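File shown here: run_9.txt, holding compact mmCIF, C-alpha atoms.
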# COMPACT_ATOMS: atom_id res chain seq x y z
CA MET X 1 41.68 60.71 -16.08
CA LYS X 2 40.91 60.95 -19.80
CA PHE X 3 42.94 60.56 -22.96
CA GLU X 4 41.83 61.59 -26.42
CA THR X 5 43.16 58.67 -28.47
CA LEU X 6 43.39 54.89 -28.12
CA ASP X 7 47.18 55.09 -28.53
CA ALA X 8 47.37 57.53 -25.60
CA TRP X 9 45.28 55.17 -23.46
CA LEU X 10 47.44 52.19 -24.35
CA HIS X 11 50.59 54.18 -23.52
CA HIS X 12 49.08 55.07 -20.12
CA ILE X 13 48.10 51.45 -19.45
CA GLU X 14 51.58 50.18 -20.37
CA GLY X 15 53.21 52.33 -17.72
CA LEU X 16 50.92 51.47 -14.79
CA HIS X 17 52.28 48.16 -13.54
CA ALA X 18 55.86 47.32 -12.61
CA GLN X 19 55.83 43.96 -14.44
CA ALA X 20 54.71 43.48 -18.03
CA ILE X 21 53.68 39.89 -17.22
CA ASP X 22 52.39 39.41 -13.67
CA LEU X 23 50.41 36.19 -13.45
CA GLY X 24 47.71 35.88 -10.78
CA LEU X 25 43.93 36.14 -10.50
CA ASP X 26 43.36 38.32 -7.40
CA ARG X 27 43.39 41.71 -9.14
CA MET X 28 41.13 40.47 -11.94
CA GLU X 29 38.64 38.90 -9.54
CA THR X 30 38.45 42.12 -7.52
CA MET X 31 37.90 44.21 -10.66
CA LEU X 32 35.29 41.85 -12.14
CA LYS X 33 33.25 42.35 -8.95
CA ARG X 34 33.74 46.12 -8.94
CA LEU X 35 32.67 46.40 -12.58
CA ASP X 36 29.96 43.73 -12.23
CA ILE X 37 31.11 41.88 -15.35
CA ARG X 38 29.21 38.65 -16.01
CA PHE X 39 27.93 36.73 -19.01
CA LYS X 40 24.61 34.96 -19.42
CA CYS X 41 25.56 33.63 -22.86
CA PRO X 42 27.84 30.61 -23.50
CA VAL X 43 31.57 31.33 -23.15
CA PHE X 44 34.18 29.36 -25.14
CA THR X 45 37.67 29.46 -23.60
CA VAL X 46 40.55 28.34 -25.83
CA GLY X 47 44.11 27.70 -24.58
CA GLY X 48 47.13 25.75 -25.79
CA THR X 49 50.59 26.24 -27.26
CA ASN X 50 49.67 26.55 -30.96
CA GLY X 51 46.40 26.60 -32.88
CA LYS X 52 44.47 28.84 -30.46
CA GLY X 53 43.82 31.64 -32.93
CA SER X 54 42.65 29.29 -35.68
CA THR X 55 40.37 27.37 -33.28
CA CYS X 56 38.80 30.63 -32.06
CA ALA X 57 38.32 31.76 -35.66
CA PHE X 58 36.58 28.50 -36.68
CA ILE X 59 34.20 28.79 -33.69
CA GLU X 60 33.50 32.45 -34.47
CA SER X 61 32.96 31.83 -38.18
CA ALA X 62 30.52 28.94 -37.66
CA LEU X 63 28.48 30.90 -35.10
CA LEU X 64 28.30 33.95 -37.35
CA ALA X 65 27.20 31.75 -40.26
CA GLY X 66 24.49 30.38 -37.94
CA GLY X 67 23.18 33.90 -37.40
CA TYR X 68 24.49 34.44 -33.88
CA SER X 69 26.01 37.58 -32.37
CA VAL X 70 29.59 36.84 -31.26
CA GLY X 71 32.38 38.61 -29.39
CA VAL X 72 35.96 37.29 -29.74
CA HIS X 73 39.11 38.21 -27.83
CA THR X 74 42.50 37.02 -29.11
CA SER X 75 46.09 38.14 -28.61
CA PRO X 76 48.58 39.36 -29.55
CA HIS X 77 47.69 41.65 -32.45
CA LEU X 78 49.77 42.10 -35.59
CA ILE X 79 49.31 45.77 -36.52
CA ARG X 80 46.54 47.43 -34.48
CA PHE X 81 45.36 46.72 -30.93
CA ASN X 82 41.76 46.62 -32.23
CA GLU X 83 42.51 43.25 -33.88
CA ARG X 84 42.29 41.71 -30.39
CA VAL X 85 38.58 42.54 -30.15
CA ARG X 86 36.02 41.43 -32.74
CA ILE X 87 32.27 41.86 -32.49
CA ASN X 88 30.26 40.12 -35.20
CA GLY X 89 33.37 39.69 -37.33
CA LYS X 90 34.55 43.32 -37.17
CA ASP X 91 37.34 44.86 -35.10
CA ALA X 92 36.19 47.10 -32.27
CA LYS X 93 36.31 50.86 -32.90
CA ASP X 94 38.72 53.12 -31.01
CA GLU X 95 35.88 55.07 -29.37
CA GLU X 96 34.23 51.90 -28.06
CA LEU X 97 37.45 50.78 -26.38
CA ILE X 98 38.21 54.24 -24.97
CA ARG X 99 34.79 54.35 -23.27
CA GLN X 100 35.45 51.02 -21.56
CA PHE X 101 38.98 52.00 -20.48
CA GLU X 102 37.51 55.10 -18.83
CA LYS X 103 35.27 52.83 -16.75
CA VAL X 104 38.22 50.58 -15.78
CA GLU X 105 40.24 53.66 -14.80
CA ALA X 106 37.43 54.96 -12.59
CA ALA X 107 36.95 51.60 -10.87
CA ARG X 108 40.56 50.61 -10.20
CA GLY X 109 41.34 53.33 -7.64
CA GLU X 110 44.89 52.86 -6.36
CA MET X 111 45.18 49.32 -7.75
CA THR X 112 47.73 48.86 -10.52
CA LEU X 113 46.84 46.42 -13.28
CA SER X 114 49.06 44.79 -15.85
CA TYR X 115 48.61 45.79 -19.48
CA PHE X 116 46.84 42.52 -20.23
CA GLU X 117 44.53 42.73 -17.19
CA TYR X 118 43.53 46.32 -17.86
CA THR X 119 42.86 45.84 -21.57
CA LEU X 120 41.04 42.53 -20.98
CA LEU X 121 38.72 44.21 -18.47
CA GLY X 122 37.88 46.88 -21.06
CA ILE X 123 37.20 44.20 -23.66
CA LEU X 124 35.01 42.16 -21.30
CA LEU X 125 33.05 45.30 -20.39
CA LEU X 126 32.50 45.96 -24.09
CA PHE X 127 31.24 42.41 -24.65
CA ALA X 128 29.01 42.50 -21.54
CA GLY X 129 27.22 45.58 -22.88
CA LYS X 130 26.47 44.10 -26.30
CA ASP X 131 23.86 41.39 -25.49
CA LEU X 132 25.88 38.75 -27.34
CA ASP X 133 24.82 35.16 -28.05
CA ALA X 134 28.35 33.83 -27.46
CA VAL X 135 31.78 34.98 -26.28
CA VAL X 136 35.06 33.36 -27.39
CA LEU X 137 38.15 34.05 -25.25
CA GLU X 138 41.72 33.03 -26.08
CA ILE X 139 44.00 32.28 -23.14
CA GLY X 140 47.21 34.19 -23.74
CA LEU X 141 49.69 32.40 -21.50
CA GLY X 142 49.25 29.08 -19.73
CA GLY X 143 45.84 28.84 -18.11
CA ARG X 144 45.80 28.55 -14.33
CA LEU X 145 46.94 32.11 -13.60
CA ASP X 146 45.98 33.79 -16.88
CA ALA X 147 43.59 36.73 -16.42
CA VAL X 148 41.08 35.18 -18.86
CA ASN X 149 40.70 32.22 -16.47
CA THR X 150 38.68 34.44 -14.11
CA VAL X 151 35.80 34.28 -16.60
CA GLU X 152 33.64 31.16 -16.13
CA PRO X 153 33.61 29.10 -19.37
CA SER X 154 30.78 26.93 -20.67
CA VAL X 155 33.25 24.79 -22.63
CA SER X 156 37.07 24.83 -22.69
CA VAL X 157 39.47 23.78 -25.44
CA ILE X 158 43.19 23.04 -25.10
CA THR X 159 44.82 22.80 -28.52
CA SER X 160 48.41 21.57 -28.55
CA ILE X 161 50.73 21.28 -25.55
CA GLY X 162 54.34 22.10 -26.37
CA ILE X 163 57.37 23.53 -24.60
CA ASP X 164 56.97 27.31 -24.55
CA HIS X 165 56.92 30.15 -21.97
CA THR X 166 59.08 27.94 -19.73
CA ALA X 167 59.93 30.83 -17.38
CA TYR X 168 56.26 30.92 -16.32
CA LEU X 169 54.91 27.42 -16.98
CA GLY X 170 57.77 25.02 -16.27
CA THR X 171 60.12 23.09 -18.52
CA THR X 172 58.20 19.85 -19.11
CA ARG X 173 55.00 18.99 -20.98
CA GLU X 174 53.64 17.63 -17.70
CA SER X 175 54.05 20.93 -15.85
CA ILE X 176 52.80 22.96 -18.82
CA GLY X 177 49.82 20.62 -19.31
CA TRP X 178 48.90 20.96 -15.63
CA GLU X 179 48.90 24.77 -15.93
CA LYS X 180 46.78 24.68 -19.09
CA ALA X 181 44.31 22.13 -17.68
CA HIS X 182 43.13 24.71 -15.14
CA ILE X 183 40.91 26.27 -17.83
CA TYR X 184 38.71 23.16 -17.47
CA ARG X 185 35.70 23.28 -15.16
CA SER X 186 33.81 20.72 -13.09
CA GLY X 187 30.96 19.05 -14.97
CA LYS X 188 31.69 20.90 -18.21
CA PRO X 189 33.13 19.75 -21.57
CA ALA X 190 36.95 19.79 -21.44
CA ILE X 191 38.26 19.35 -24.99
CA CYS X 192 41.87 18.56 -25.93
CA THR X 193 43.10 18.45 -29.53
CA ASP X 194 46.54 17.23 -28.57
CA ALA X 195 46.34 13.52 -29.44
CA ASN X 196 48.97 12.68 -26.83
CA PRO X 197 48.30 14.99 -23.87
CA PRO X 198 50.49 14.79 -20.76
CA ILE X 199 49.02 12.63 -18.00
CA THR X 200 48.61 15.76 -15.86
CA VAL X 201 45.79 16.98 -18.14
CA GLU X 202 43.82 13.78 -17.59
CA GLN X 203 44.61 13.80 -13.87
CA TYR X 204 43.39 17.36 -13.39
CA ALA X 205 40.21 16.83 -15.43
CA ASP X 206 39.49 13.67 -13.43
CA LYS X 207 40.18 15.44 -10.11
CA ILE X 208 37.65 18.24 -10.78
CA GLY X 209 35.10 16.03 -12.56
CA ALA X 210 35.32 17.70 -15.99
CA GLU X 211 34.11 15.84 -19.10
CA LEU X 212 37.45 15.21 -20.81
CA LEU X 213 37.15 14.81 -24.59
CA VAL X 214 40.48 14.01 -26.28
CA ILE X 215 40.98 13.90 -30.04
CA GLY X 216 41.54 10.37 -31.28
CA LYS X 217 39.53 8.96 -28.36
CA SER X 218 36.27 10.84 -27.77
CA PHE X 219 36.22 12.47 -31.21
CA ARG X 220 38.34 12.27 -34.35
CA PHE X 221 38.69 13.29 -37.98
CA GLU X 222 39.48 11.43 -41.18
CA HIS X 223 41.06 13.04 -44.25
CA ASN X 224 39.64 11.62 -47.49
CA HIS X 225 42.69 12.29 -49.69
CA GLY X 226 41.05 10.89 -52.80
CA ASP X 227 38.24 13.45 -53.13
CA LYS X 228 39.70 16.30 -51.04
CA THR X 229 37.09 16.11 -48.29
CA TRP X 230 37.18 15.06 -44.65
CA ASN X 231 34.91 13.52 -42.04
CA PHE X 232 34.40 14.74 -38.48
CA TYR X 233 33.28 12.17 -35.92
CA GLY X 234 32.29 14.11 -32.81
CA SER X 235 31.19 12.85 -29.42
CA ARG X 236 27.74 14.36 -30.15
CA GLY X 237 27.43 13.55 -33.85
CA GLU X 238 29.27 13.32 -37.15
CA LEU X 239 29.73 15.45 -40.26
CA ARG X 240 30.86 13.57 -43.36
CA ASN X 241 32.36 14.78 -46.64
CA LEU X 242 33.14 18.28 -45.39
CA PRO X 243 35.18 20.65 -47.58
CA LEU X 244 38.81 21.08 -46.57
CA PRO X 245 39.64 24.30 -44.70
CA THR X 246 40.80 27.23 -46.82
CA MET X 247 43.73 27.63 -44.42
CA PRO X 248 46.38 25.11 -45.56
CA GLY X 249 47.99 22.36 -43.51
CA GLU X 250 46.77 19.09 -41.97
CA HIS X 251 46.95 20.74 -38.54
CA GLN X 252 43.97 22.92 -39.51
CA LEU X 253 41.83 19.76 -39.57
CA ASN X 254 42.92 19.28 -35.96
CA ASN X 255 42.00 22.87 -35.09
CA ALA X 256 38.66 22.65 -36.92
CA SER X 257 37.86 19.38 -35.13
CA GLY X 258 38.42 20.99 -31.72
CA ALA X 259 36.24 23.93 -32.71
CA PHE X 260 33.48 21.66 -34.05
CA GLU X 261 33.55 19.46 -30.94
CA ALA X 262 33.15 22.58 -28.78
CA LEU X 263 30.28 23.83 -30.94
CA GLN X 264 28.52 20.47 -30.83
CA CYS X 265 28.83 20.46 -27.03
CA MET X 266 26.90 23.75 -27.06
CA GLN X 267 24.24 22.63 -29.57
CA GLY X 268 21.57 22.79 -26.86
CA LYS X 269 22.07 26.56 -26.52
CA LEU X 270 23.53 27.42 -29.92
CA PRO X 271 22.11 24.99 -32.49
CA LEU X 272 23.90 24.99 -35.86
CA LYS X 273 23.11 23.40 -39.21
CA ARG X 274 25.68 21.66 -41.39
CA GLU X 275 25.91 24.76 -43.60
CA ALA X 276 27.40 26.78 -40.73
CA PHE X 277 30.23 24.27 -40.27
CA GLU X 278 30.92 24.23 -44.03
CA SER X 279 30.92 28.02 -44.12
CA ALA X 280 33.48 28.14 -41.30
CA LEU X 281 35.82 25.84 -43.23
CA LEU X 282 35.55 27.82 -46.47
CA ASN X 283 35.58 31.35 -45.04
CA THR X 284 38.00 31.27 -42.09
CA ARG X 285 41.28 33.00 -42.88
CA ILE X 286 43.80 34.54 -40.49
CA THR X 287 46.74 36.62 -41.60
CA GLY X 288 49.95 35.01 -40.44
CA ARG X 289 48.70 31.43 -40.27
CA PHE X 290 50.66 30.28 -43.29
CA SER X 291 48.86 32.88 -45.37
CA LYS X 292 49.84 33.59 -48.96
CA VAL X 293 50.08 37.33 -49.59
CA ARG X 294 51.80 37.55 -52.96
CA ASN X 295 52.47 35.65 -56.20
CA ALA X 296 55.51 35.57 -58.52
CA PRO X 297 57.42 35.10 -56.32
CA GLU X 298 55.09 33.53 -53.78
CA VAL X 299 55.31 35.15 -50.34
CA TYR X 300 53.90 33.35 -47.30
CA LEU X 301 53.60 34.68 -43.73
CA ASP X 302 53.57 32.46 -40.65
CA VAL X 303 53.66 33.58 -37.00
CA GLY X 304 54.98 30.19 -35.80
CA HIS X 305 57.54 30.84 -33.05
CA ASN X 306 58.26 27.54 -31.28
CA PRO X 307 59.36 23.98 -32.15
CA HIS X 308 55.81 22.60 -32.39
CA ALA X 309 54.82 25.31 -34.89
CA ALA X 310 58.07 24.76 -36.82
CA LYS X 311 57.26 21.06 -37.27
CA GLU X 312 53.82 21.95 -38.66
CA LEU X 313 55.34 24.56 -40.97
CA ALA X 314 57.97 22.13 -42.29
CA LYS X 315 55.25 19.53 -42.91
CA THR X 316 52.97 22.03 -44.68
CA LEU X 317 55.83 23.23 -46.90
CA SER X 318 56.69 19.64 -47.83
CA GLU X 319 53.12 19.15 -49.09
CA LEU X 320 53.20 22.16 -51.46
CA PRO X 321 54.16 21.91 -55.16
CA LYS X 322 57.93 22.28 -55.45
CA ALA X 323 59.19 25.83 -56.05
CA THR X 324 62.38 26.64 -58.01
CA ARG X 325 63.89 27.84 -54.72
CA GLN X 326 62.39 28.09 -51.25
CA VAL X 327 63.91 30.80 -49.04
CA ALA X 328 63.29 32.00 -45.49
CA VAL X 329 62.97 35.49 -44.05
CA PHE X 330 63.45 34.62 -40.40
CA GLY X 331 63.51 36.46 -37.06
CA MET X 332 62.84 35.12 -33.56
CA LEU X 333 62.69 36.50 -30.04
CA SER X 334 65.60 35.60 -27.77
CA ASP X 335 63.45 33.84 -25.14
CA LYS X 336 62.19 31.24 -27.64
CA ASP X 337 63.84 27.89 -28.46
CA ARG X 338 65.63 29.26 -31.54
CA ALA X 339 68.21 26.47 -31.82
CA GLN X 340 65.55 23.77 -31.96
CA VAL X 341 63.51 25.69 -34.55
CA CYS X 342 66.65 26.09 -36.68
CA ARG X 343 67.29 22.34 -36.49
CA ILE X 344 63.71 21.53 -37.51
CA MET X 345 63.63 23.96 -40.46
CA VAL X 346 67.19 23.45 -41.71
CA SER X 347 66.30 21.31 -44.72
CA SER X 348 63.25 23.35 -45.78
CA PHE X 349 65.11 26.28 -47.38
CA ASN X 350 67.77 26.96 -50.01
CA LYS X 351 68.70 30.33 -48.50
CA TRP X 352 68.16 32.26 -45.26
CA TYR X 353 67.62 36.02 -44.83
CA LEU X 354 67.92 36.62 -41.08
CA SER X 355 66.70 39.68 -39.21
CA ASP X 356 67.23 41.30 -35.83
CA LEU X 357 64.05 41.86 -33.79
CA GLN X 358 63.80 44.94 -31.59
CA GLY X 359 62.63 45.27 -27.98
CA PRO X 360 63.69 43.85 -24.60
CA ARG X 361 63.19 40.24 -25.80
CA GLY X 362 64.53 40.98 -29.28
CA GLY X 363 66.66 38.37 -31.00
CA ILE X 364 69.87 39.05 -32.94
CA ALA X 365 70.32 37.77 -36.50
CA GLN X 366 73.93 36.81 -35.77
CA ASP X 367 72.72 34.40 -33.06
CA LEU X 368 70.40 32.72 -35.56
CA CYS X 369 73.30 32.60 -38.04
CA ALA X 370 75.44 30.70 -35.52
CA MET X 371 72.59 28.28 -34.75
CA LEU X 372 71.94 27.58 -38.44
CA SER X 373 75.66 27.07 -39.07
CA GLU X 374 75.75 24.58 -36.21
CA ALA X 375 72.76 22.81 -37.79
CA GLY X 376 74.71 22.45 -41.03
CA VAL X 377 73.72 25.46 -43.19
CA PRO X 378 76.72 26.76 -45.22
CA GLN X 379 77.64 30.39 -44.50
CA GLU X 380 77.15 31.44 -48.13
CA LYS X 381 73.46 30.55 -47.83
CA ILE X 382 72.90 32.99 -44.96
CA GLN X 383 72.56 36.79 -44.97
CA THR X 384 71.87 38.95 -41.91
CA PHE X 385 69.94 42.24 -41.68
CA LYS X 386 69.03 44.81 -39.06
CA THR X 387 65.30 44.78 -39.92
CA VAL X 388 62.71 42.40 -41.33
CA GLU X 389 61.92 44.99 -44.00
CA GLU X 390 65.51 44.93 -45.28
CA ALA X 391 65.62 41.13 -45.21
CA LEU X 392 62.33 40.76 -47.09
CA GLN X 393 63.27 43.44 -49.62
CA ARG X 394 66.52 41.63 -50.43
CA ALA X 395 64.74 38.26 -50.61
CA ILE X 396 62.23 39.65 -53.11
CA GLU X 397 64.94 41.41 -55.15
CA GLU X 398 66.97 38.20 -55.46
CA ALA X 399 64.00 35.91 -56.10
CA HIS X 400 62.84 34.48 -59.42
CA GLU X 401 59.13 34.51 -60.22
CA THR X 402 58.93 30.77 -59.54
CA ASP X 403 60.55 31.01 -56.08
CA ARG X 404 58.78 30.83 -52.72
CA ILE X 405 59.59 33.18 -49.81
CA VAL X 406 58.42 32.18 -46.32
CA THR X 407 58.54 34.89 -43.63
CA PHE X 408 58.23 33.37 -40.15
CA GLY X 409 59.47 33.14 -36.55
CA SER X 410 57.41 35.68 -34.59
CA PHE X 411 54.34 37.89 -34.59
CA LEU X 412 56.84 40.79 -34.79
CA THR X 413 58.46 39.33 -37.90
CA VAL X 414 55.12 38.93 -39.67
CA ALA X 415 53.86 42.37 -38.57
CA SER X 416 56.97 44.04 -40.01
CA ALA X 417 56.55 42.09 -43.25
CA ILE X 418 52.91 43.19 -43.56
CA GLU X 419 53.86 46.85 -43.04
CA TYR X 420 56.65 46.59 -45.63
CA LEU X 421 54.43 44.91 -48.24
CA LYS X 422 51.66 47.49 -47.70
CA GLU X 423 54.11 50.34 -48.14
CA LYS X 424 55.66 48.75 -51.22
CA VAL X 425 52.28 48.19 -52.86
CA GLY X 426 51.36 51.78 -51.98
CA ARG X 427 54.50 53.15 -53.67
CA ASN X 428 53.95 51.04 -56.76
Mind converting the file's structure to structure tokens?
Amino acid sequence: MKFETLDAWLHHIEGLHAQAIDLGLDRMETMLKRLDIRFKCPVFTVGGTNGKGSTCAFIESALLAGGYSVGVHTSPHLIRFNERVRINGKDAKDEELIRQFEKVEAARGEMTLSYFEYTLLGILLLFAGKDLDAVVLEIGLGGRLDAVNTVEPSVSVITSIGIDHTAYLGTTRESIGWEKAHIYRSGKPAICTDANPPITVEQYADKIGAELLVIGKSFRFEHNHGDKTWNFYGSRGELRNLPLPTMPGEHQLNNASGAFEALQCMQGKLPLKREAFESALLNTRITGRFSKVRNAPEVYLDVGHNPHAAKELAKTLSELPKATRQVAVFGMLSDKDRAQVCRIMVSSFNKWYLSDLQGPRGGIAQDLCAMLSEAGVPQEKIQTFKTVEEALQRAIEEAHETDRIVTFGSFLTVASAIEYLKEKVGRN
């Protein structure tokens, strides 16, 4: 079976499997053998609730600055599927992905694969054929039964551990931590940048004999507020007076520390000089990680979609110079903890522009309105809209040049905002 375009392939892949999310490793393990996918180079696996994308990006950026050839898989994407696959800092081309999907199609026979399994196999095939020096893989959901966990890592990083994806991972940090800890491997570095991990993470690492390295214990960082630098004290060495990351927020020091610890653990195979670490800090940027996309009024985009991310966002906003008004363009999926996010963010904004989100998990603006009202926001400070585009347009129209607009709550919310801003700039 052949399709001419990447979109046609993705449409075909979407319709193959009965369940959009079907956790389990059997199908992946069978297909990895059929396709003979294996890596001789170091593999970095990164899981966690928040901070995965930034940690992957810091690792990638440092390795590229060190002159290495690197393949990175992250998810989800904002605008184009190709964003999930980077080779040496550039998104994969449509034709490259199509060629790999043809191989997956030929090998699967009668077996149905989930969208994530099928596309991941194509991406892994692409990486395997590129003679890379390193591969960086983000775990999409959990760890134990995530398709990425079929690939043997050289070093594993768990970022934060919060309450999310409860339908699949359980409702406590202990159960979620246990699921995530399964990305660790016996005898290999097992990094955790959650300073207070659930006991289940330590128990699992101890049970399998992984080398558990927890931030604040085995490695740490120190922010030198006076001269705007920071120090990294790793288990394998230290880096003092580093420049602060270009991406704002204290949590990025946490993410960078996890990335640097992982890189130092791999120094025997991928040696890096100080300059590579500095370059990663100065040159790593990801759209949607509290990224500023416009001035006068300021417009920020943040994909944060759970309570842990909301706390980081509220903290980051509190550290910025005060704006005349700070307003939110906000939309969240219905299966997220919207009420808790509303409670956390309630005092951060002077006005709220709420949007519906489409799709089977889509959230309704009126639900968010009720949750904000319950949290104490007066009705006159809330407006509801059918689309993010309409909400952002109204927010910009009503804003003064010295205001700040923060668009957040979901990858879908940020993606819609990006499309709207592109179109608006194009018209102007």
Computed interatomic separation between CA of Gly363 (chain X) and CA of Phe116 (chain X) (Å)
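Atom-to-atom, CA of Gly363 (chain X) to CA of Phe116 (chain X), that is 22.9 Å.
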Contacts of region 262-307 of chain X with region 225-248 of chain X up to 7 Å, shortest pair per row, only C-alpha atoms, as a tab-separated table:
residue	atom	partner	partner_atom	distance
X:Gln264	CA	X:Arg236	CA	6.2
X:Cys265	CA	X:Arg236	CA	6.9
X:Glu278	CA	X:Leu242	CA	6.5
X:Leu281	CA	X:Pro245	CA	4.4
X:Leu282	CA	X:Thr246	CA	5.3
X:Asn283	CA	X:Thr246	CA	6.9
X:Thr284	CA	X:Thr246	CA	6.8
X:Arg285	CA	X:Met247	CA	6.1
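Using only C-alpha atoms for every distance, the candidate list X:Thr55, X:Ser114, X:Ser61, X:Thr49 yields X:Thr49 as the residue closest to Arg173 (chain X).
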Could you pull the residues within 12 Å of Pro321 (chain X), counting only C-alpha atoms, minus those fewer than 6 positions along the same chain, as a VMD selection string?
chain X and resid 298 402 to 404
As a list in words, please: the residues near Glu275 (chain X) (cut-off 9 Å, all atoms listed in the file, same-chain neighbours under 3 positions excluded).
Ala62, Ala65, Gly66, Leu272, Glu278, Ser279 and Ala280 of chain X
Return the single residue from X:Ala365, X:Val43, X:Ile215, X:Leu35 that is closest to Asn149 (chain X), with distances computed using all atoms listed in the file.
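Ranked by minimum distance to Asn149 (chain X), first place goes to X:Val43.
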To one decimal place, how far is CA of Val155 (chain X) from CA of Lys269 (chain X) in Å?
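Distance reported for this atom pair: 12.0 Å.
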Given all atoms listed in the file as the counted atoms, nearest of X:Pro76, X:Asn50, X:Gly24, X:Phe127 to Pro307 (chain X):
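The answer is X:Asn50, which sits nearest to Pro307 (chain X).
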Using all atoms listed in the file, determine which residues lie at most 7 Å from region 257-260 of chain X, disregarding the query and same-chain residues fewer than 5 positions distant; provide the list as a short mmCIF file (atom, residue, chain, number, x, y, z; two decimals) with C-alpha atoms, in the frame of the given file.
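File produced: out.cif:
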data_model
loop_
_atom_site.label_atom_id
_atom_site.label_comp_id
_atom_site.auth_asym_id
_atom_site.auth_seq_id
_atom_site.Cartn_x
_atom_site.Cartn_y
_atom_site.Cartn_z
CA THR X 55 40.37 27.37 -33.28
CA PHE X 58 36.58 28.50 -36.68
CA ILE X 59 34.20 28.79 -33.69
CA VAL X 157 39.47 23.78 -25.44
CA ILE X 191 38.26 19.35 -24.99
CA THR X 193 43.10 18.45 -29.53
CA PHE X 221 38.69 13.29 -37.98
CA PHE X 232 34.40 14.74 -38.48
#
For a test of reading the model, state the distance in Å between CA of Asp335 (chain X) and CA of Lys180 (chain X), rounded to one decimal.
20.0 Å
From the options X:Gly122, X:Pro42, X:Gly15, X:Gly162, which residue's atoms come nearest to His308 (chain X), counting only C-alpha atoms?
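Of the candidates, the smallest distance to His308 (chain X) is held by X:Gly162.
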Which residues of region 266-350 of chain X sit at most 9 Å from region 375-399 of chain X, using only C-alpha atoms? Give each one's shortest atom pair and distance in Å (one decimal place), in chain and ascending residue order, as a tab-separated table.
residue	atom	partner	partner_atom	distance
X:Ala296	CA	X:Ala399	CA	8.8
X:Pro297	CA	X:Ala399	CA	6.6
X:Val299	CA	X:Ile396	CA	8.7
X:Arg325	CA	X:Ala399	CA	8.2
X:Val327	CA	X:Ala395	CA	7.7
X:Ala328	CA	X:Ala395	CA	8.2
X:Val329	CA	X:Leu392	CA	6.1
X:Phe330	CA	X:Val388	CA	7.9
X:Gly331	CA	X:Val388	CA	7.4
X:Ala339	CA	X:Ala375	CA	8.4
X:Cys342	CA	X:Ala375	CA	7.0
X:Arg343	CA	X:Ala375	CA	5.6
X:Val346	CA	X:Ala375	CA	6.8
X:Ser347	CA	X:Val377	CA	8.6
X:Asn350	CA	X:Lys381	CA	7.1
I'd like the contact shell of Gln340 (chain X) - 9 Å cut-off, only C-alpha atoms, skipping same-chain residues fewer than 6 positions apart - returned as a VMD selection string.
chain X and resid 306 to 307 310 371
